[in-house]
file run.txt (compact mmCIF, C-alpha atoms)
# COMPACT_ATOMS: atom_id res chain seq x y z
CA MET A 139 -21.49 -10.64 9.85
CA ARG A 140 -22.50 -6.95 9.85
CA ILE A 141 -20.04 -4.30 8.75
CA ASP A 142 -20.77 -0.71 9.70
CA ILE A 143 -18.48 2.25 10.30
CA SER A 144 -20.19 4.05 13.14
CA TYR A 145 -22.32 3.37 16.18
CA ASN A 146 -24.05 6.75 15.88
CA GLY A 147 -27.11 7.54 13.78
CA SER A 148 -29.94 5.48 12.35
CA ARG A 149 -29.48 2.38 10.26
CA GLY A 150 -30.29 4.45 7.17
CA GLN A 151 -27.59 6.99 8.02
CA ARG A 152 -25.03 4.24 8.60
CA LEU A 153 -25.94 2.62 5.29
CA LYS A 154 -25.58 5.96 3.51
CA ARG A 155 -22.14 6.55 5.03
CA LEU A 156 -21.04 3.03 4.15
CA THR A 157 -22.27 3.47 0.57
CA THR A 158 -20.42 6.77 0.26
CA LEU A 159 -17.26 5.18 1.64
CA LEU A 160 -17.46 2.31 -0.85
CA LEU A 161 -18.20 4.55 -3.84
CA ALA A 162 -15.33 6.90 -2.98
CA THR A 163 -12.96 4.01 -2.32
CA LEU A 164 -13.56 2.30 -5.67
CA PRO A 165 -11.87 4.92 -7.93
CA VAL A 166 -9.04 5.56 -5.47
CA SER A 167 -8.40 1.83 -5.17
CA PHE A 168 -8.35 1.43 -8.94
CA ALA A 169 -5.78 4.18 -9.50
CA GLY A 170 -3.67 2.97 -6.58
CA ILE A 171 -3.68 -0.63 -7.83
CA ALA A 172 -2.96 0.47 -11.39
CA THR A 173 0.07 2.54 -10.35
CA TRP A 174 1.44 -0.14 -8.00
CA PHE A 175 0.53 -3.71 -8.96
CA GLY A 176 -0.15 -2.64 -12.54
CA LEU A 177 3.22 -0.93 -12.72
CA TYR A 178 5.02 -3.94 -11.28
CA THR A 179 3.13 -6.35 -13.56
CA PHE A 180 2.19 -4.66 -16.86
CA VAL A 181 5.00 -2.10 -17.04
CA ASN A 182 7.40 -4.83 -15.94
CA GLY A 183 6.36 -6.96 -18.90
CA TYR A 184 6.58 -3.99 -21.30
CA LEU A 185 10.11 -3.08 -20.24
CA VAL A 186 11.51 -6.59 -19.84
CA ARG A 187 9.83 -8.35 -22.76
CA GLY A 188 8.87 -5.42 -24.96
CA LEU A 189 11.98 -3.25 -24.64
CA GLY A 190 14.51 -5.92 -23.63
CA TYR A 191 15.42 -4.59 -20.16
CA THR A 192 17.45 -6.95 -17.97
CA ASN A 193 16.31 -7.71 -14.40
CA GLU A 194 19.01 -5.34 -13.14
CA GLN A 195 17.86 -2.54 -15.48
CA TRP A 196 14.24 -3.10 -14.42
CA THR A 197 15.05 -2.70 -10.73
CA GLU A 198 17.13 0.40 -11.49
CA THR A 199 14.18 1.98 -13.33
CA THR A 200 11.77 1.33 -10.45
CA LEU A 201 14.08 3.27 -8.13
CA TRP A 202 12.82 6.41 -9.89
CA PHE A 203 9.28 5.44 -8.87
CA ILE A 204 10.20 4.64 -5.27
CA GLY A 205 12.57 7.57 -4.88
CA SER A 206 9.99 10.07 -6.10
CA MET A 207 7.56 8.83 -3.47
CA ILE A 208 9.93 10.09 -0.78
CA ALA A 209 9.87 13.64 -2.13
CA TRP A 210 6.13 13.62 -2.82
CA GLN A 211 5.30 12.39 0.67
CA LEU A 212 7.28 15.20 2.23
CA LEU A 213 5.03 17.59 0.31
CA CYS A 214 1.68 15.79 0.57
CA THR A 215 0.56 17.22 3.91
CA ASP A 216 1.50 20.73 2.80
CA ILE A 217 -0.44 20.30 -0.46
CA ALA A 218 -3.43 18.87 1.43
CA ALA A 219 -3.26 21.71 3.97
CA ARG A 220 -3.61 24.19 1.13
CA ALA A 221 -5.88 22.37 -1.33
CA GLY A 222 -7.76 20.05 1.03
CA ARG A 223 -7.47 16.26 1.24
CA ARG A 224 -10.28 15.63 -1.24
CA ASN A 225 -8.81 17.86 -3.94
CA THR A 226 -5.35 16.41 -3.37
CA VAL A 227 -6.67 12.88 -3.89
CA THR A 228 -8.42 13.99 -7.09
CA ILE A 229 -5.19 15.47 -8.46
CA SER A 230 -3.36 12.24 -7.67
CA LEU A 231 -5.85 10.24 -9.74
CA VAL A 232 -5.26 12.60 -12.66
CA ALA A 233 -1.52 11.99 -12.26
CA GLY A 234 -2.16 8.25 -12.55
CA ALA A 235 -4.03 8.86 -15.80
CA LEU A 236 -1.16 10.90 -17.22
CA PHE A 237 1.31 8.17 -16.22
CA TYR A 238 -0.43 5.45 -18.20
CA ILE A 239 -1.28 7.60 -21.21
CA GLY A 240 2.36 8.67 -21.31
CA MET A 241 3.56 5.06 -21.04
CA GLY A 242 1.37 4.17 -23.99
CA MET A 243 3.02 6.81 -26.15
CA THR A 244 6.75 6.38 -25.45
CA SER A 245 9.64 3.94 -25.39
CA ASP A 246 12.26 6.53 -24.43
CA GLY A 247 14.13 5.57 -21.25
CA LEU A 248 14.36 9.10 -19.84
CA VAL A 249 10.65 9.78 -20.39
CA ILE A 250 9.77 6.44 -18.79
CA ARG A 251 11.77 7.38 -15.69
CA ALA A 252 10.00 10.76 -15.51
CA LEU A 253 6.64 9.01 -15.77
CA MET A 254 7.70 6.65 -12.98
CA ALA A 255 8.27 9.71 -10.80
CA LEU A 256 4.78 10.98 -11.69
CA ALA A 257 3.23 7.64 -10.66
CA GLY A 258 5.00 8.07 -7.34
CA PHE A 259 2.72 11.05 -6.59
CA THR A 260 -0.40 8.89 -6.90
CA GLN A 261 1.04 6.37 -4.47
CA ALA A 262 2.27 9.05 -2.04
CA VAL A 263 -1.17 10.69 -1.78
CA GLY A 264 -2.79 7.29 -1.28
CA LEU A 265 -0.53 6.65 1.70
CA VAL A 266 -0.31 10.10 3.28
CA THR A 267 -3.62 11.82 2.47
CA TRP A 268 -6.21 9.18 1.61
CA GLN A 269 -5.76 6.90 4.63
CA PRO A 270 -6.21 9.65 7.26
CA LEU A 271 -9.29 10.82 5.35
CA ILE A 272 -10.76 7.31 5.57
CA ALA A 273 -9.91 6.99 9.26
CA GLU A 274 -11.62 10.30 10.00
CA TYR A 275 -14.71 9.36 8.00
CA GLY A 276 -14.89 6.12 10.00
CA ARG A 277 -15.59 8.10 13.18
CA GLU A 278 -15.73 5.65 16.13
CA ARG A 279 -14.52 2.78 13.93
CA PRO A 280 -11.49 4.11 12.05
CA GLY A 281 -9.82 0.70 11.92
CA ARG A 282 -12.89 -0.87 10.35
CA ALA A 283 -13.10 1.87 7.72
CA LEU A 284 -9.44 1.25 6.85
CA VAL A 285 -10.04 -2.51 6.54
CA ILE A 286 -13.06 -1.88 4.28
CA ASN A 287 -10.72 0.16 2.09
CA GLN A 288 -8.35 -2.81 1.91
CA LEU A 289 -11.23 -5.14 1.05
CA VAL A 290 -12.13 -2.93 -1.89
CA ASN A 291 -8.45 -2.80 -2.87
CA ALA A 292 -8.28 -6.59 -3.01
CA VAL A 293 -11.40 -6.92 -5.21
CA VAL A 294 -10.53 -4.02 -7.50
CA GLY A 295 -6.94 -5.24 -7.74
CA ALA A 296 -7.97 -8.71 -8.92
CA LEU A 297 -10.36 -7.32 -11.54
CA THR A 298 -7.87 -4.71 -12.77
CA LEU A 299 -5.03 -7.19 -13.18
CA ILE A 300 -7.24 -9.72 -14.96
CA ALA A 301 -8.65 -7.10 -17.34
CA GLY A 302 -5.25 -5.57 -18.04
CA GLY A 303 -3.72 -8.98 -18.66
CA GLN A 304 -6.46 -9.86 -21.13
CA ILE A 305 -6.02 -6.60 -23.04
CA ILE A 306 -2.26 -7.21 -23.28
CA ALA A 307 -2.79 -10.82 -24.38
CA ASN A 308 -5.34 -9.90 -27.06
CA ALA A 309 -4.09 -6.48 -28.12
CA SER A 310 -0.89 -4.71 -27.04
CA TYR A 311 0.85 -2.96 -24.17
CA ARG A 312 0.02 0.40 -25.78
CA ASP A 313 -3.70 -0.38 -25.88
CA ALA A 314 -3.63 -1.60 -22.28
CA PHE A 315 -1.82 1.51 -21.06
CA ILE A 316 -4.15 3.90 -22.90
CA ALA A 317 -7.18 2.01 -21.51
CA LEU A 318 -5.78 2.20 -17.98
CA GLY A 319 -5.05 5.92 -18.43
CA VAL A 320 -8.61 6.65 -19.56
CA ALA A 321 -9.97 4.58 -16.67
CA CYS A 322 -7.83 6.55 -14.19
CA ALA A 323 -9.15 9.81 -15.64
CA GLY A 324 -12.71 8.53 -15.23
CA SER A 325 -11.85 7.53 -11.67
CA ALA A 326 -10.77 11.10 -10.90
CA VAL A 327 -14.14 12.41 -12.09
CA MET A 328 -16.08 9.74 -10.21
CA PHE A 329 -14.21 10.32 -6.95
CA HIS A 330 -14.69 14.08 -7.03
CA LEU A 331 -18.44 13.66 -7.59
CA VAL A 332 -19.12 11.07 -4.88
CA SER A 333 -16.78 12.36 -2.16
CA ARG A 334 -18.50 15.63 -1.22
CA ASP A 335 -19.39 14.29 2.23
CA PHE A 336 -15.71 13.70 2.96
CA GLU A 337 -14.91 17.37 2.38
CA SER A 338 -17.70 18.63 4.62
CA GLU A 339 -16.44 16.60 7.58
CA GLN A 340 -12.67 16.71 7.26
CA SER A 341 -10.67 18.47 9.94
CA GLU A 342 -7.84 20.88 9.36
CA VAL A 343 -4.74 19.25 7.92
CA VAL A 344 -1.54 19.95 9.82
CA SER A 345 1.34 20.35 7.38
CA LEU A 346 4.29 18.12 8.13
CA LEU A 347 6.44 21.23 7.82
CA ARG A 348 4.49 22.85 10.70
CA VAL A 349 4.52 19.98 13.18
CA MET A 350 5.64 21.28 16.56
CA ARG A 351 8.72 19.98 18.33
CA THR A 352 6.58 18.44 21.06
CA ASP A 353 4.60 16.54 18.42
CA TRP A 354 7.79 15.24 16.85
CA ARG A 355 8.83 14.05 20.29
CA LYS A 356 5.57 12.12 20.64
CA LEU A 357 6.09 10.47 17.27
CA ALA A 358 9.70 9.61 18.09
CA THR A 359 8.92 7.61 21.23
CA GLY A 360 7.07 4.48 22.22
CA GLY A 361 5.07 2.05 20.20
CA PHE A 362 4.70 4.28 17.14
CA MET A 363 8.43 4.46 16.47
CA VAL A 364 9.00 0.76 17.18
CA LEU A 365 6.14 -0.07 14.81
CA THR A 366 7.63 2.17 12.12
CA VAL A 367 11.32 1.28 12.34
CA VAL A 368 11.08 -2.44 13.05
CA GLY A 369 7.88 -3.23 11.17
CA LEU A 370 7.05 -0.82 8.37
CA CYS A 371 10.66 -0.17 7.35
CA LEU A 372 11.59 -3.87 7.13
CA GLU A 373 8.34 -5.23 5.71
CA PRO A 374 9.32 -4.12 2.15
CA PHE A 375 11.68 -7.09 2.06
CA ASN A 376 8.42 -9.04 1.76
CA TYR A 377 6.14 -7.20 -0.60
CA LEU A 378 8.66 -5.33 -2.76
CA THR A 379 10.36 -8.64 -3.46
CA VAL A 380 7.08 -10.25 -4.51
CA ASN A 381 5.63 -7.24 -6.33
CA GLN A 382 8.80 -6.32 -8.18
CA LEU A 383 10.35 -9.73 -8.87
CA PHE A 384 7.59 -12.36 -8.89
CA PRO A 385 6.98 -11.87 -12.65
CA ASN A 386 10.73 -12.25 -13.23
CA LEU A 387 10.86 -15.36 -11.02
CA ALA A 388 7.88 -16.86 -12.84
CA ARG A 389 9.49 -16.17 -16.23
CA ASP A 390 13.10 -17.10 -15.47
CA ALA A 391 12.66 -20.11 -13.18
CA HIS A 392 9.30 -21.49 -14.30
CA GLY A 393 8.84 -20.37 -17.92
CA LEU A 394 5.44 -18.71 -17.47
CA LEU A 395 4.06 -16.23 -20.01
CA ASP A 396 2.94 -12.67 -19.16
CA GLY A 397 -0.76 -13.50 -19.54
CA ASP A 398 -0.39 -16.40 -17.10
CA ILE A 399 1.56 -14.26 -14.67
CA SER A 400 -1.03 -11.44 -14.60
CA THR A 401 -3.80 -13.99 -14.01
CA ILE A 402 -1.88 -15.61 -11.14
CA VAL A 403 -1.14 -12.22 -9.57
CA ALA A 404 -4.81 -11.20 -9.92
CA LEU A 405 -6.42 -14.38 -8.60
CA GLY A 406 -3.72 -14.80 -5.97
CA ARG A 407 -5.07 -11.71 -4.17
CA LEU A 408 -8.49 -13.27 -3.62
CA PRO A 409 -7.57 -15.31 -0.48
CA ALA A 410 -6.77 -11.97 1.20
CA LEU A 411 -10.51 -11.15 1.03
CA LEU A 412 -11.28 -13.86 3.58
CA THR A 413 -8.68 -12.57 6.01
CA LEU A 414 -9.73 -8.95 5.55
CA PHE A 415 -13.40 -9.77 6.01
CA VAL A 416 -12.65 -11.43 9.36
CA LEU A 417 -10.42 -8.54 10.44
CA ALA A 418 -13.14 -6.00 9.64
CA ALA A 419 -15.17 -7.40 12.54
CA VAL A 420 -12.38 -7.44 15.15
CA VAL A 421 -9.65 -4.99 14.17
CA ASP A 422 -10.79 -2.22 16.54
CA ARG A 423 -10.75 -4.64 19.50
CA MET A 424 -7.40 -6.34 18.89
CA ASN A 425 -3.73 -5.56 19.39
CA ALA A 426 -2.97 -4.45 15.85
CA MET A 427 0.80 -4.33 16.40
CA ARG A 428 0.85 -7.97 17.46
CA ALA A 429 -1.27 -9.03 14.49
CA TYR A 430 0.94 -7.02 12.16
CA GLY A 431 4.15 -8.51 13.53
CA ALA A 432 2.88 -12.07 13.31
CA GLY A 433 1.64 -11.38 9.78
CA ILE A 434 4.91 -10.08 8.36
CA ALA A 435 6.89 -12.92 9.96
CA LEU A 436 4.64 -15.56 8.39
CA VAL A 437 4.62 -13.74 5.06
CA GLY A 438 8.43 -13.69 5.18
CA LEU A 439 8.40 -17.48 5.40
CA CYS A 440 6.23 -17.52 2.27
CA VAL A 441 8.74 -15.32 0.43
CA VAL A 442 11.46 -17.82 1.33
CA GLY A 443 9.16 -20.60 0.11
CA LEU A 444 8.66 -18.88 -3.25
CA GLY A 445 12.42 -18.88 -3.73
CA LEU A 446 12.52 -22.61 -2.96
CA ALA A 447 9.51 -23.56 -5.11
CA SER A 448 10.43 -26.49 -7.37
CA GLY A 449 7.61 -26.21 -9.90
CA VAL A 450 4.59 -24.21 -11.03
CA PRO A 451 2.07 -25.96 -8.69
CA SER A 452 4.17 -25.27 -5.59
CA LEU A 453 4.86 -21.71 -6.79
CA ILE A 454 1.13 -20.99 -7.17
CA GLY A 455 0.26 -22.71 -3.89
CA ILE A 456 2.78 -20.70 -1.88
CA PHE A 457 1.67 -17.53 -3.69
CA LEU A 458 -1.92 -18.13 -2.58
CA VAL A 459 -0.82 -18.69 1.03
CA TYR A 460 1.28 -15.54 0.79
CA PHE A 461 -1.78 -13.41 0.02
CA LEU A 462 -3.96 -15.23 2.54
CA ILE A 463 -1.57 -14.10 5.28
CA GLN A 464 -0.81 -10.78 3.58
CA GLY A 465 -4.46 -9.89 4.14
CA SER A 466 -3.76 -9.74 7.88
CA VAL A 467 -0.86 -7.37 7.19
CA TRP A 468 -2.99 -5.09 5.01
CA GLY A 469 -5.72 -5.07 7.62
CA SER A 470 -3.52 -4.32 10.62
CA ASN A 471 -0.71 -2.00 9.48
CA ALA A 472 -2.70 1.22 8.96
CA ALA A 473 -4.91 0.37 11.95
CA ALA A 474 -1.81 0.03 14.14
CA VAL A 475 -0.44 3.39 12.97
CA ASN A 476 -3.83 5.07 13.46
CA ALA A 477 -4.24 3.65 16.96
CA SER A 478 -0.74 4.58 18.11
CA VAL A 479 -1.23 8.36 17.85
CA ALA A 480 -3.83 10.94 18.86
CA PRO A 481 -6.33 11.93 16.10
CA PRO A 482 -4.80 15.41 15.48
CA MET A 483 -1.51 13.70 14.61
CA ARG A 484 -2.95 11.25 12.08
CA ASP A 485 -1.80 13.09 8.96
CA SER A 486 1.68 13.66 10.33
CA ALA A 487 1.95 10.09 11.59
CA PHE A 488 0.95 8.63 8.22
CA ALA A 489 3.29 11.09 6.50
CA VAL A 490 6.24 10.18 8.73
CA THR A 491 5.66 6.45 8.30
CA SER A 492 5.18 6.84 4.58
CA VAL A 493 8.37 8.86 4.11
CA LEU A 494 10.40 6.37 6.15
CA LEU A 495 8.70 3.53 4.32
CA SER A 496 9.62 5.03 0.96
CA ILE A 497 13.22 5.45 2.06
CA ALA A 498 13.17 1.82 3.14
CA LEU A 499 11.60 0.81 -0.18
CA PHE A 500 14.39 2.61 -2.02
CA GLY A 501 16.95 0.86 0.15
CA VAL A 502 15.42 -2.57 -0.44
CA GLY A 503 15.18 -1.89 -4.16
CA PHE A 504 18.85 -0.87 -4.20
CA VAL A 505 19.83 -4.01 -2.28
CA GLN A 506 17.93 -6.19 -4.74
CA ASN A 507 19.51 -4.37 -7.67
CA ARG A 508 23.00 -4.96 -6.26
CA LEU A 509 22.27 -8.63 -5.47
CA LEU A 510 21.18 -9.18 -9.05
CA GLY A 511 24.17 -7.19 -10.30
CA ALA A 512 26.44 -9.49 -8.27
CA GLY A 513 25.13 -12.47 -10.20
CA LEU A 514 22.57 -13.92 -7.82
CA THR A 515 19.48 -15.50 -9.32
CA VAL A 516 16.00 -14.09 -8.66
CA ALA A 517 15.23 -17.19 -6.55
CA GLN A 518 18.26 -16.52 -4.34
CA VAL A 519 17.13 -12.91 -3.86
CA PHE A 520 13.78 -14.24 -2.59
CA LEU A 521 15.57 -16.48 -0.07
CA ILE A 522 17.72 -13.67 1.32
CA CYS A 523 14.99 -11.03 1.45
CA GLY A 524 12.38 -13.25 3.11
CA LEU A 525 14.51 -13.87 6.20
CA VAL A 526 14.63 -10.17 7.20
CA PRO A 527 10.87 -9.68 7.91
CA VAL A 528 10.76 -13.03 9.71
CA ALA A 529 13.14 -11.56 12.28
CA ALA A 530 11.40 -8.14 12.29
CA GLY A 531 7.94 -9.62 12.84
CA THR A 532 9.18 -11.77 15.70
CA ILE A 533 10.61 -8.67 17.42
CA LEU A 534 7.29 -6.81 17.05
CA VAL A 535 5.34 -9.69 18.56
CA LEU A 536 7.72 -9.90 21.53
CA TYR A 537 7.56 -6.12 22.02
CA SER A 538 3.76 -6.15 21.96
CA LEU A 539 3.74 -8.73 24.77
CA ARG A 540 5.44 -6.35 27.20
CA ARG A 541 3.15 -5.62 30.15
CA LYS A 542 5.14 -3.07 32.14
CA PRO A 543 4.59 0.47 30.83
CA ILE A 544 7.68 2.53 30.06
CA PRO A 545 7.62 6.10 31.49
CA GLY A 546 6.59 8.60 28.84
CA VAL A 547 5.60 5.88 26.38
CA GLN A 548 2.05 5.03 25.38
CA PRO A 549 1.03 1.69 26.94
CA LEU A 550 0.71 -1.07 24.42
CA HIS A 551 -2.84 -1.97 25.35
CA ALA A 552 -3.82 1.22 23.54
CA ILE A 553 -2.35 -0.12 20.31
CA GLY A 554 -5.30 -1.47 18.37
CA SER A 555 -8.01 0.21 20.44
CA ALA A 556 -10.72 2.25 18.72
CA ASN A 557 -9.79 5.40 20.63
CA PRO A 558 -6.06 5.90 21.25
CA GLU A 559 -6.77 8.61 23.81
CA SER A 560 -8.85 6.35 26.06

call {"tool": "encode", "arguments": {"input": "run.txt", "output": "structure tokens"}}
result
Amino acid sequence: MRIDISYNGSRGQRLKRLTTLLLATLPVSFAGIATWFGLYTFVNGYLVRGLGYTNEQWTETTLWFIGSMIAWQLLCTDIAARAGRRNTVTISLVAGALFYIGMGMTSDGLVIRALMALAGFTQAVGLVTWQPLIAEYGRERPGRALVINQLVNAVVGALTLIAGGQIIANASYRDAFIALGVACAGSAVMFHLVSRDFESEQSEVVSLLRVMRTDWRKLATGGFMVLTVVGLCLEPFNYLTVNQLFPNLARDAHGLLDGDISTIVALGRLPALLTLFVLAAVVDRMNAMRAYGAGIALVGLCVVGLGLASGVPSLIGIFLVYFLIQGSVWGSNAAAVNASVAPPMRDSAFAVTSVLLSIALFGVGFVQNRLLGAGLTVAQVFLICGLVPVAAGTILVLYSLRRKPIPGVQPLHAIGSANPES
């Protein structure tokens, strides 16, 4: 199966572009994984086991991380419009380094919350600035370039979580955090050196603060808004539940140790590689909204299954199936957003979805915090949260099957096509 990112140019030129894409994606993926999965795994263990936080206190602390992402995403397009996408991404990797170095040097609750807010900047730039940059670099195959990015994320994520878990098991949280901080700093240097081609090709960034009223109207109608409100804003009931509370579920209900949990989380991502590799070949020819809807509905069933798991073997088995299907979600969500708007609106579209997504993340985190505060077990939270995306995904699939175009709304056959203007 051949993976390229453009029909134009010689084989050598395509190989060079693919190599540049992979080399630039590696450091960004590492910092993104470290400040998301690493935060929800390693920092979770540090606060809960190291500092004695309760599950309710843990979820309250992560609201600082999620809430900061909302503010940062409102500013990301404006920062990128002034500094350029490439420089903005570099700064975000430096922020990830400062987050982990800071975590390795403090146990103060207020400082930890401030560092959580700093980590939110790294995640915000990854969502708002990095993904449009990849899509643009992909030229005629933006969806494929985005899937390649997710493939790298899956591999880097597994290696990062395994390495971090081993450092924690054999040394300490402080050593692991300092090592991750140094690695993030090295990633910033590496990205800035290998990403020169991205800067030479990138188009002008339209600040979210300067989006015209007519553009807002385009974003507020049709498939894009349905995709955002029904899909992206309700999907966090899947992945925030698993990312934020799977370690707690594994500890409380199944008695697993932190080293075991980090290994399960790391290796559990590997089945997603198979799904992503298949999607890389077909994503630009498929209805991405339909694939996304089906994916989040099936993943929601897995979340329910995790809450019902009766032992460690069933817990691990369902976790593996979760990531096998989650690969289809990773491979179709950004492609669906990219295909539902015209290229000049990419940055604004990703910014709008990311801001709404962060608001939804905050809401889901608050709901989980209140459910735990009301005395529900972590397993019961999984059961409740998993049912929401099952319903949302079903609605998206049914919407994508509509054949009659609605006046003023982009026809759904354009969702998932390589060129949304065709």

call {"tool": "atom_distance", "arguments": {"input": "run.txt", "atom1": "atom CA of A:Val505", "atom2": "atom CA of A:Cys371"}}
result
13.8 Å

call {"tool": "closest_residue", "arguments": {"input": "run.txt", "among": "A:Leu370, A:Leu444, A:Leu153, A:Met254", "to": "A:Gln518", "atoms": "all atoms listed in the file"}}
result
A:Leu444

call {"tool": "axis_aligned_box", "arguments": {"input": "run.txt", "around": "stretch 432-441 of chain A", "padding_each_side": "3 Å", "output": "AutoDock Vina command-line options"}}
result
--center_x 5.2 --center_y -13.8 --center_z 6.9 --size_x 13.1 --size_y 13.4 --size_z 18.9

call {"tool": "closest_residue", "arguments": {"input": "run.txt", "among": "A:Ala169, A:Gln261, A:Gly369, A:Leu289", "to": "A:Ile533", "atoms": "only C-alpha atoms"}}
result
A:Gly369

call {"tool": "closest_residue", "arguments": {"input": "run.txt", "among": "A:Ser400, A:Ser466, A:Thr215, A:Thr158", "to": "A:Ala432", "atoms": "all atoms listed in the file"}}
result
A:Ser466

call {"tool": "closest_residue", "arguments": {"input": "run.txt", "among": "A:Val285, A:Leu510, A:Ile171, A:Ala218", "to": "A:Val420", "atoms": "only C-alpha atoms"}}
result
A:Val285

call {"tool": "closest_residue", "arguments": {"input": "run.txt", "among": "A:Gly303, A:Leu159, A:Val186, A:Ala435", "to": "A:Ala273", "atoms": "all atoms listed in the file"}}
result
A:Leu159

call {"tool": "residues_around", "arguments": {"input": "run.txt", "residues": "A:Ser333", "least_positions_apart": "5", "cutoff": "12 Å", "atoms": "only C-alpha atoms", "output": "list in words"}}
result
Arg155, Thr157, Thr158, Leu159, Leu160, Leu161, Ala162, Thr163, Leu164, Pro165, Val166, Arg223, Arg224, Asn225, Val227, Thr228, Trp268, Leu271, Ile272, Tyr275, Ser325, Ala326, Val327, Met328, Ser338, Glu339 and Gln340 of chain A

call {"tool": "residues_around", "arguments": {"input": "run.txt", "residues": "A:Ala235", "least_positions_apart": "6", "cutoff": "8 Å", "atoms": "all atoms listed in the file", "output": "list in words"}}
result
Leu318, Gly319, Val320, Ala321, Cys322 and Ala323 of chain A
